$ cat query-v4.tsv   # TSV, C-alpha atoms
chain	number	residue	atom	x	y	z
A	6	MET	CA	104.51	96.61	135.07
A	7	ALA	CA	107.67	98.60	134.73
A	8	ALA	CA	107.24	102.24	135.57
A	9	PRO	CA	108.07	104.78	132.81
A	10	PRO	CA	110.19	107.81	133.62
A	11	ASP	CA	108.50	109.97	136.22
A	12	ARG	CA	107.31	113.00	134.32
A	13	SER	CA	104.60	113.88	136.78
A	14	SER	CA	106.38	116.80	138.44
A	15	ALA	CA	107.06	118.60	135.20
A	16	GLY	CA	103.50	117.99	134.01
A	17	ARG	CA	101.95	119.25	137.19
A	18	SER	CA	104.09	122.35	137.46
A	19	GLY	CA	103.54	123.27	133.84
A	20	SER	CA	99.78	122.94	134.07
A	21	ARG	CA	99.09	124.39	137.48
A	22	ALA	CA	101.63	127.18	137.51
A	23	SER	CA	99.91	128.95	134.61
A	24	GLY	CA	96.65	129.30	136.53
A	25	ARG	CA	94.93	130.27	133.31
A	26	SER	CA	91.17	129.92	133.01
A	27	TYR	CA	89.53	128.54	129.87
A	28	GLY	CA	85.81	128.89	129.31
A	29	GLY	CA	85.46	130.19	132.84
A	30	VAL	CA	86.91	126.99	134.32
A	31	PRO	CA	90.01	127.56	136.51
A	32	ALA	CA	93.14	125.56	135.70
A	33	GLU	CA	93.07	123.61	138.95
A	34	VAL	CA	89.48	122.54	138.29
A	35	ARG	CA	90.42	121.26	134.83
A	36	VAL	CA	93.32	119.31	136.33
A	37	ALA	CA	90.97	117.73	138.88
A	38	GLN	CA	88.44	116.86	136.17
A	39	ARG	CA	91.11	115.18	134.05
A	40	ARG	CA	92.35	113.27	137.09
A	41	ASP	CA	88.82	112.00	137.72
A	42	ARG	CA	88.61	110.80	134.12
A	43	PHE	CA	91.83	108.85	134.57
A	44	LEU	CA	90.52	107.35	137.83
A	45	ASP	CA	87.37	106.23	136.00
A	46	ALA	CA	89.47	104.78	133.18
A	47	GLY	CA	91.73	103.02	135.68
A	48	LEU	CA	88.76	101.46	137.46
A	49	GLU	CA	87.36	100.23	134.16
A	50	LEU	CA	90.60	98.71	132.85
A	51	PHE	CA	92.07	97.41	136.12
A	52	GLY	CA	88.65	96.05	137.02
A	53	THR	CA	88.07	94.24	133.72
A	54	ARG	CA	91.35	93.34	132.03
A	55	GLY	CA	93.58	93.62	135.14
A	56	TYR	CA	96.44	95.82	136.33
A	57	GLN	CA	99.25	93.83	134.71
A	58	SER	CA	97.53	93.99	131.32
A	59	THR	CA	96.93	97.73	131.39
A	60	SER	CA	99.33	100.29	129.93
A	61	VAL	CA	99.43	104.06	130.19
A	62	ARG	CA	98.45	104.23	126.53
A	63	ALA	CA	95.38	102.08	127.15
A	64	VAL	CA	94.36	104.25	130.09
A	65	CYS	CA	94.71	107.40	128.01
A	66	ARG	CA	92.67	105.87	125.22
A	67	GLU	CA	89.94	104.89	127.68
A	68	ALA	CA	89.94	108.37	129.27
A	69	GLY	CA	90.06	110.14	125.90
A	70	LEU	CA	93.07	112.19	127.00
A	71	SER	CA	96.74	112.39	125.99
A	72	GLU	CA	99.69	110.93	127.88
A	73	ARG	CA	100.79	114.48	128.72
A	74	TYR	CA	97.69	114.83	130.84
A	75	PHE	CA	98.20	111.42	132.42
A	76	TYR	CA	101.62	112.41	133.75
A	77	GLU	CA	100.11	115.64	134.99
A	78	SER	CA	98.50	113.64	137.82
A	79	PHE	CA	100.18	110.21	137.94
A	80	ALA	CA	103.78	109.05	137.70
A	81	ASN	CA	102.84	105.65	136.27
A	82	THR	CA	100.12	102.99	136.30
A	83	GLU	CA	101.11	101.94	139.82
A	84	ALA	CA	100.32	105.45	141.07
A	85	LEU	CA	97.00	105.28	139.24
A	86	LEU	CA	96.22	101.92	140.86
A	87	ILE	CA	96.84	103.45	144.28
A	88	GLY	CA	94.65	106.39	143.34
A	89	VAL	CA	91.79	104.14	142.22
A	90	TYR	CA	92.10	102.01	145.36
A	91	GLN	CA	92.07	105.04	147.67
A	92	HIS	CA	89.16	106.61	145.80
A	93	CYS	CA	87.06	103.43	146.06
A	94	THR	CA	87.84	102.71	149.71
A	95	GLU	CA	87.19	106.34	150.64
A	96	ARG	CA	83.69	106.00	149.20
A	97	MET	CA	83.17	102.72	151.09
A	98	HIS	CA	84.25	104.37	154.34
A	99	ASP	CA	81.98	107.37	153.77
A	100	ASP	CA	79.00	105.18	152.82
A	101	ILE	CA	79.44	103.17	156.02
A	102	LEU	CA	79.64	106.32	158.16
A	103	VAL	CA	76.50	107.72	156.55
A	104	ALA	CA	74.64	104.45	157.10
A	105	MET	CA	75.68	104.36	160.74
A	106	ALA	CA	74.67	107.99	161.29
A	107	THR	CA	71.35	108.03	159.45
A	108	GLY	CA	69.95	104.54	159.94
A	109	ASP	CA	66.66	104.24	161.80
A	110	ARG	CA	67.70	102.28	164.85
A	111	PRO	CA	65.37	100.47	167.21
A	112	ALA	CA	64.53	102.21	170.46
A	113	GLY	CA	66.84	101.64	173.42
A	114	ASP	CA	70.58	101.75	173.68
A	115	SER	CA	71.50	99.00	176.13
A	116	SER	CA	70.05	95.80	174.64
A	117	ALA	CA	71.53	93.68	171.86
A	118	GLU	CA	68.80	94.78	169.44
A	119	PRO	CA	70.25	98.22	168.57
A	120	LEU	CA	73.70	96.69	168.07
A	121	ASP	CA	72.22	94.05	165.78
A	122	HIS	CA	70.67	96.82	163.71
A	123	VAL	CA	73.92	98.78	163.53
A	124	VAL	CA	75.86	95.70	162.42
A	125	ARG	CA	73.38	94.83	159.69
A	126	THR	CA	73.06	98.41	158.48
A	127	THR	CA	76.84	98.76	158.30
A	128	LEU	CA	77.29	95.49	156.41
A	129	GLU	CA	74.52	96.39	153.98
A	130	ALA	CA	76.23	99.70	153.27
A	131	PHE	CA	79.57	97.97	152.67
A	132	TYR	CA	78.20	95.43	150.22
A	133	ALA	CA	76.24	98.14	148.42
A	134	SER	CA	79.50	100.05	147.99
A	135	VAL	CA	81.24	97.03	146.43
A	136	SER	CA	78.35	95.83	144.28
A	137	ASP	CA	80.36	96.92	141.22
A	138	PRO	CA	82.52	93.89	140.32
A	139	ARG	CA	85.29	96.22	139.11
A	140	VAL	CA	85.59	97.67	142.60
A	141	LEU	CA	85.79	94.20	144.11
A	142	ARG	CA	88.51	93.12	141.70
A	143	VAL	CA	90.63	96.25	142.04
A	144	CYS	CA	90.40	96.67	145.82
A	145	TRP	CA	90.80	93.06	146.91
A	146	LEU	CA	92.64	91.28	144.08
A	147	GLU	CA	94.52	93.56	141.69
A	148	VAL	CA	96.33	95.41	144.48
A	149	LEU	CA	97.92	92.24	145.84
A	150	GLY	CA	101.64	91.70	145.27
A	151	VAL	CA	102.24	94.70	143.00
A	152	SER	CA	104.89	96.47	145.06
A	153	THR	CA	105.79	97.36	148.64
A	154	LEU	CA	104.18	100.77	148.18
A	155	VAL	CA	100.89	99.29	146.99
A	156	ASP	CA	101.07	96.69	149.76
A	157	SER	CA	101.48	99.40	152.40
A	158	THR	CA	98.58	101.37	150.91
A	159	TYR	CA	96.41	98.24	151.02
A	160	ILE	CA	97.35	97.50	154.64
A	161	SER	CA	96.64	101.12	155.59
A	162	GLY	CA	93.17	100.74	154.09
A	163	ILE	CA	92.53	97.58	156.10
A	164	ASP	CA	93.75	99.30	159.26
A	165	ARG	CA	91.41	102.22	158.67
A	166	PHE	CA	88.36	99.96	158.49
A	167	ALA	CA	89.59	97.98	161.50
A	168	HIS	CA	89.97	101.21	163.47
A	169	LEU	CA	86.37	102.11	162.61
A	170	VAL	CA	85.10	98.70	163.78
A	171	ALA	CA	87.19	98.86	166.97
A	172	THR	CA	85.92	102.36	167.74
A	173	VAL	CA	82.29	101.30	167.37
A	174	MET	CA	82.78	98.20	169.52
A	175	ALA	CA	84.68	100.14	172.17
A	176	GLY	CA	81.89	102.70	172.33
A	177	ALA	CA	79.18	100.05	172.50
A	178	PHE	CA	80.72	98.26	175.46
A	179	GLY	CA	82.81	100.90	177.17
A	180	LEU	CA	86.02	99.08	176.25
A	181	SER	CA	89.53	100.40	175.84
A	182	PRO	CA	90.73	100.35	172.21
A	183	ASP	CA	93.66	98.10	173.11
A	184	GLU	CA	95.67	95.65	171.01
A	185	ARG	CA	93.26	92.78	171.66
A	186	LEU	CA	90.30	94.78	170.37
A	187	ARG	CA	92.34	95.97	167.38
A	188	LEU	CA	93.16	92.39	166.42
A	189	ILE	CA	89.54	91.30	166.81
A	190	ALA	CA	88.40	94.20	164.62
A	191	THR	CA	91.04	93.36	162.01
A	192	GLY	CA	89.83	89.75	161.95
A	193	LEU	CA	86.24	90.87	161.46
A	194	VAL	CA	87.23	93.19	158.62
A	195	GLY	CA	89.17	90.33	157.06
A	196	SER	CA	86.09	88.11	157.19
A	197	VAL	CA	84.03	90.74	155.38
A	198	ILE	CA	86.69	91.17	152.68
A	199	MET	CA	87.17	87.43	152.13
A	200	THR	CA	83.41	87.02	151.87
A	201	ALA	CA	83.37	89.78	149.27
A	202	ILE	CA	86.16	88.06	147.30
A	203	ARG	CA	84.31	84.75	147.36
A	204	TRP	CA	81.16	86.58	146.25
A	205	TYR	CA	83.07	88.10	143.31
A	206	LEU	CA	84.68	84.80	142.28
A	207	ASP	CA	81.26	83.12	142.33
A	208	GLY	CA	79.84	85.75	139.99
A	209	GLN	CA	77.99	87.62	142.74
A	210	LYS	CA	75.13	85.14	142.50
A	211	GLU	CA	74.44	85.02	146.22
A	212	PRO	CA	72.00	87.69	147.45
A	213	VAL	CA	73.50	90.40	149.62
A	214	THR	CA	71.15	89.43	152.44
A	215	THR	CA	72.99	86.09	152.72
A	216	LEU	CA	76.35	87.86	152.98
A	217	VAL	CA	74.99	90.21	155.63
A	218	GLU	CA	73.52	87.34	157.63
A	219	ALA	CA	76.76	85.33	157.50
A	220	ASN	CA	78.95	88.18	158.67
A	221	SER	CA	76.43	89.32	161.27
A	222	VAL	CA	76.94	85.98	163.01
A	223	LEU	CA	80.66	86.74	163.36
A	224	PHE	CA	80.23	90.37	164.42
A	225	LEU	CA	77.49	89.68	166.95
A	226	GLY	CA	79.31	86.62	168.26
A	227	ALA	CA	82.37	88.78	168.94
A	228	ALA	CA	80.11	91.41	170.49
A	229	ARG	CA	78.62	88.89	172.91
A	230	GLN	CA	82.09	87.77	173.99
A	231	LEU	CA	83.24	91.34	174.55
A	232	SER	CA	80.13	92.54	176.35
A	233	PRO	CA	80.64	92.99	180.11
A	234	ARG	CA	77.22	91.37	180.55
A	235	SER	CA	78.33	88.11	178.86
$ encode --input "query-v4.tsv" --output "structure tokens"
Amino acid sequence: MAAPPDRSSAGRSGSRASGRSYGGVPAEVRVAQRRDRFLDAGLELFGTRGYQSTSVRAVCREAGLSERYFYESFANTEALLIGVYQHCTERMHDDILVAMATGDRPAGDSSAEPLDHVVRTTLEAFYASVSDPRVLRVCWLEVLGVSTLVDSTYISGIDRFAHLVATVMAGAFGLSPDERLRLIATGLVGSVIMTAIRWYLDGQKEPVTTLVEANSVLFLGAARQLSPRS
């Protein structure tokens, strides 16, 4: 979709420079609230009708706000797509970290059993985060091939999840986070994403437990190969 003239700078400066408070709500808070409404609208439209079929006008109509407010936070629909993608993947990342930190793990820290639990808990958290089909469509399908900027944002998101996986595996086995481990982690993340895409395309009919079991085989198989005890 062709980008309209970038009016974001003027919109932002005009709104935030005033710093006026209405109804006791500071200007910057109102800007953030409007931005959130546009993110919600973007998720709904990109996740149902698709990015290429969504205009700024449609987003504004969905959000119940004027175009002036859209350009206050986003230069165009591409910028909104990036914003929605980053917002969704940030929540996935946080949900995974919480699951890893708060899960009730089996006793012991040297056997395969605790690692098995961590893997399953992490995968369950991921699939719970993408249970919304709109999130699946936006994050793994609609972002593909839009532009070099969106591509780089998408790759950065993959790299972030791969870094998390590599860090966990390095800590579990006392390994150095070298290029080999990074590539293994990237491959594992790719398997999870492709499974999620297949799940979406099949109408999410398969129970999450099946997805977790399938990917656990790959994660634990890699873990056994990397373990110094193997």
$ atom_distance --input "query-v4.tsv" --atom1 "CA of Leu48 (chain A)" --atom2 "CA of Val140 (chain A)"
7.1 Å
$ closest_residue --input "query-v4.tsv" --among "A:Met199, A:Ile160, A:Val61, A:Val173" --to "Ala80 (chain A)" --atoms "all atoms listed in the file"
A:Val61
$ atom_distance --input "query-v4.tsv" --atom1 "CA of Phe224 (chain A)" --atom2 "CA of Leu193 (chain A)"
6.7 Å
$ residues_around --input "query-v4.tsv" --residues "region 203-208 of chain A" --least-positions-apart "6" --cutoff "9 Å" --atoms "all atoms listed in the file" --output "VMD selection string"
chain A and resid 138 141 to 142 216
$ closest_residue --input "query-v4.tsv" --among "A:Thr172, A:Glu147, A:Val155, A:Arg185" --to "Ile202 (chain A)" --atoms "only C-alpha atoms"
A:Glu147
$ atom_distance --input "query-v4.tsv" --atom1 "CA of Leu225 (chain A)" --atom2 "CA of His122 (chain A)"
10.4 Å
$ residues_around --input "query-v4.tsv" --residues "Phe166 (chain A)" --least-positions-apart "4" --cutoff "7 Å" --atoms "only C-alpha atoms" --output "MDAnalysis selection string"
chainID A and resid 162 170 194
$ closest_residue --input "query-v4.tsv" --among "A:Val213, A:His98, A:Val148, A:Asp183" --to "Gln57 (chain A)" --atoms "all atoms listed in the file"
A:Val148
$ residues_around --input "query-v4.tsv" --residues "Arg66 (chain A)" --least-positions-apart "6" --cutoff "10 Å" --atoms "all atoms listed in the file" --output "PDB file with C-alpha atoms, in the coordinates of the input"
ATOM      1  CA  PHE A  43      91.830 108.850 134.570  1.00  0.00           C
ATOM      2  CA  ALA A  46      89.470 104.780 133.180  1.00  0.00           C
ATOM      3  CA  SER A  60      99.330 100.290 129.930  1.00  0.00           C
ATOM      4  CA  GLU A  72      99.690 110.930 127.880  1.00  0.00           C
TER       5      GLU A  72
END
$ closest_residue --input "query-v4.tsv" --among "A:Arg62, A:Gln91, A:Ser78, A:Gly55" --to "Val36 (chain A)" --atoms "all atoms listed in the file"
A:Ser78
$ closest_residue --input "query-v4.tsv" --among "A:Glu33, A:Gly179, A:Tyr159, A:Ile101" --to "Leu146 (chain A)" --atoms "all atoms listed in the file"
A:Tyr159
$ closest_residue --input "query-v4.tsv" --among "A:Ser71, A:Thr82, A:Thr59, A:Ser232" --to "Phe178 (chain A)" --atoms "only C-alpha atoms"
A:Ser232
$ residues_near_point --input "query-v4.tsv" --point "(91.5, 114.5, 140.4)" --cutoff "12 Å" --atoms "all atoms listed in the file" --output "PyMOL selection string"
chain A and resi 17+33-45+74-75+77-79+85+88-89+91-92
$ decode --input "query-v4.tsv" --residues "region 179-194 of chain A" --atoms "all heavy atoms" --output "tab-separated table (two decimals), in the first residue's frame"
chain	number	residue	atom	x	y	z
A	179	GLY	N	25.84	-25.23	30.16
A	179	GLY	CA	27.14	-24.60	30.33
A	179	GLY	C	27.85	-24.37	29.01
A	179	GLY	O	29.08	-24.48	28.94
A	180	LEU	N	27.09	-24.04	27.97
A	180	LEU	CA	27.66	-23.85	26.64
A	180	LEU	C	27.95	-22.39	26.36
A	180	LEU	O	27.35	-21.50	26.96
A	180	LEU	CB	26.69	-24.39	25.57
A	180	LEU	CG	26.28	-25.86	25.70
A	180	LEU	CD1	25.18	-26.17	24.70
A	180	LEU	CD2	27.47	-26.76	25.48
A	181	SER	N	28.83	-22.15	25.42
A	181	SER	CA	29.09	-20.78	24.97
A	181	SER	C	28.04	-20.41	23.92
A	181	SER	O	27.73	-21.22	23.04
A	181	SER	CB	30.48	-20.66	24.35
A	181	SER	OG	31.48	-20.97	25.30
A	182	PRO	N	27.46	-19.22	24.02
A	182	PRO	CA	26.46	-18.79	23.03
A	182	PRO	C	27.11	-18.44	21.69
A	182	PRO	O	27.12	-17.29	21.26
A	182	PRO	CB	25.82	-17.57	23.70
A	182	PRO	CG	26.91	-17.01	24.55
A	182	PRO	CD	27.69	-18.20	25.05
A	183	ASP	N	27.68	-19.44	21.03
A	183	ASP	CA	28.41	-19.20	19.79
A	183	ASP	C	27.47	-19.27	18.57
A	183	ASP	O	26.25	-19.43	18.71
A	183	ASP	CB	29.55	-20.21	19.63
A	183	ASP	CG	29.06	-21.66	19.71
A	183	ASP	OD1	27.83	-21.89	19.60
A	183	ASP	OD2	29.90	-22.56	19.88
A	184	GLU	N	28.06	-19.16	17.38
A	184	GLU	CA	27.27	-19.13	16.16
A	184	GLU	C	26.49	-20.43	15.95
A	184	GLU	O	25.35	-20.41	15.49
A	184	GLU	CB	28.19	-18.87	14.96
A	184	GLU	CG	27.47	-18.77	13.62
A	184	GLU	CD	26.54	-17.58	13.52
A	184	GLU	OE1	26.57	-16.71	14.41
A	184	GLU	OE2	25.79	-17.51	12.53
A	185	ARG	N	27.11	-21.55	16.28
A	185	ARG	CA	26.42	-22.84	16.13
A	185	ARG	C	25.16	-22.89	16.98
A	185	ARG	O	24.09	-23.30	16.50
A	185	ARG	CB	27.37	-23.97	16.52
A	185	ARG	CG	26.71	-25.36	16.54
A	185	ARG	CD	27.77	-26.43	16.75
A	185	ARG	NE	27.21	-27.76	16.93
A	185	ARG	CZ	26.99	-28.31	18.11
A	185	ARG	NH1	27.32	-27.65	19.23
A	185	ARG	NH2	26.48	-29.53	18.21
A	186	LEU	N	25.26	-22.47	18.22
A	186	LEU	CA	24.10	-22.49	19.11
A	186	LEU	C	23.05	-21.49	18.62
A	186	LEU	O	21.84	-21.76	18.69
A	186	LEU	CB	24.53	-22.15	20.54
A	186	LEU	CG	23.44	-22.24	21.61
A	186	LEU	CD1	22.82	-23.63	21.63
A	186	LEU	CD2	23.99	-21.88	22.97
A	187	ARG	N	23.49	-20.34	18.11
A	187	ARG	CA	22.55	-19.35	17.59
A	187	ARG	C	21.75	-19.91	16.42
A	187	ARG	O	20.54	-19.71	16.32
A	187	ARG	CB	23.29	-18.09	17.16
A	187	ARG	CG	22.37	-16.94	16.75
A	187	ARG	CD	23.16	-15.76	16.21
A	187	ARG	NE	23.71	-16.05	14.89
A	187	ARG	CZ	23.02	-15.90	13.75
A	187	ARG	NH1	21.77	-15.50	13.78
A	187	ARG	NH2	23.60	-16.16	12.60
A	188	LEU	N	22.43	-20.64	15.53
A	188	LEU	CA	21.74	-21.21	14.38
A	188	LEU	C	20.77	-22.31	14.80
A	188	LEU	O	19.67	-22.43	14.24
A	188	LEU	CB	22.77	-21.76	13.39
A	188	LEU	CG	23.60	-20.70	12.64
A	188	LEU	CD1	24.70	-21.37	11.82
A	188	LEU	CD2	22.70	-19.86	11.74
A	189	ILE	N	21.17	-23.12	15.77
A	189	ILE	CA	20.28	-24.16	16.28
A	189	ILE	C	19.03	-23.52	16.89
A	189	ILE	O	17.90	-23.96	16.64
A	189	ILE	CB	21.00	-25.04	17.31
A	189	ILE	CG1	22.08	-25.87	16.62
A	189	ILE	CG2	20.02	-25.95	18.04
A	189	ILE	CD1	23.00	-26.61	17.58
A	190	ALA	N	19.23	-22.48	17.69
A	190	ALA	CA	18.11	-21.79	18.33
A	190	ALA	C	17.20	-21.17	17.28
A	190	ALA	O	15.96	-21.22	17.41
A	190	ALA	CB	18.63	-20.73	19.29
A	191	THR	N	17.78	-20.59	16.24
A	191	THR	CA	16.98	-19.99	15.17
A	191	THR	C	16.14	-21.05	14.47
A	191	THR	O	14.96	-20.83	14.15
A	191	THR	CB	17.89	-19.29	14.14
A	191	THR	OG1	18.64	-18.27	14.81
A	191	THR	CG2	17.06	-18.65	13.03
A	192	GLY	N	16.74	-22.22	14.23
A	192	GLY	CA	16.00	-23.32	13.62
A	192	GLY	C	14.84	-23.79	14.48
A	192	GLY	O	13.75	-24.08	13.97
A	193	LEU	N	15.05	-23.85	15.78
A	193	LEU	CA	13.99	-24.27	16.69
A	193	LEU	C	12.85	-23.24	16.72
A	193	LEU	O	11.67	-23.62	16.72
A	193	LEU	CB	14.56	-24.47	18.10
A	193	LEU	CG	15.51	-25.67	18.25
A	193	LEU	CD1	16.16	-25.65	19.64
A	193	LEU	CD2	14.77	-26.98	18.03
A	194	VAL	N	13.21	-21.97	16.74
A	194	VAL	CA	12.19	-20.92	16.69
A	194	VAL	C	11.41	-21.02	15.38
A	194	VAL	O	10.18	-20.88	15.36
A	194	VAL	CB	12.83	-19.53	16.84
A	194	VAL	CG1	11.81	-18.42	16.54
A	194	VAL	CG2	13.38	-19.36	18.25
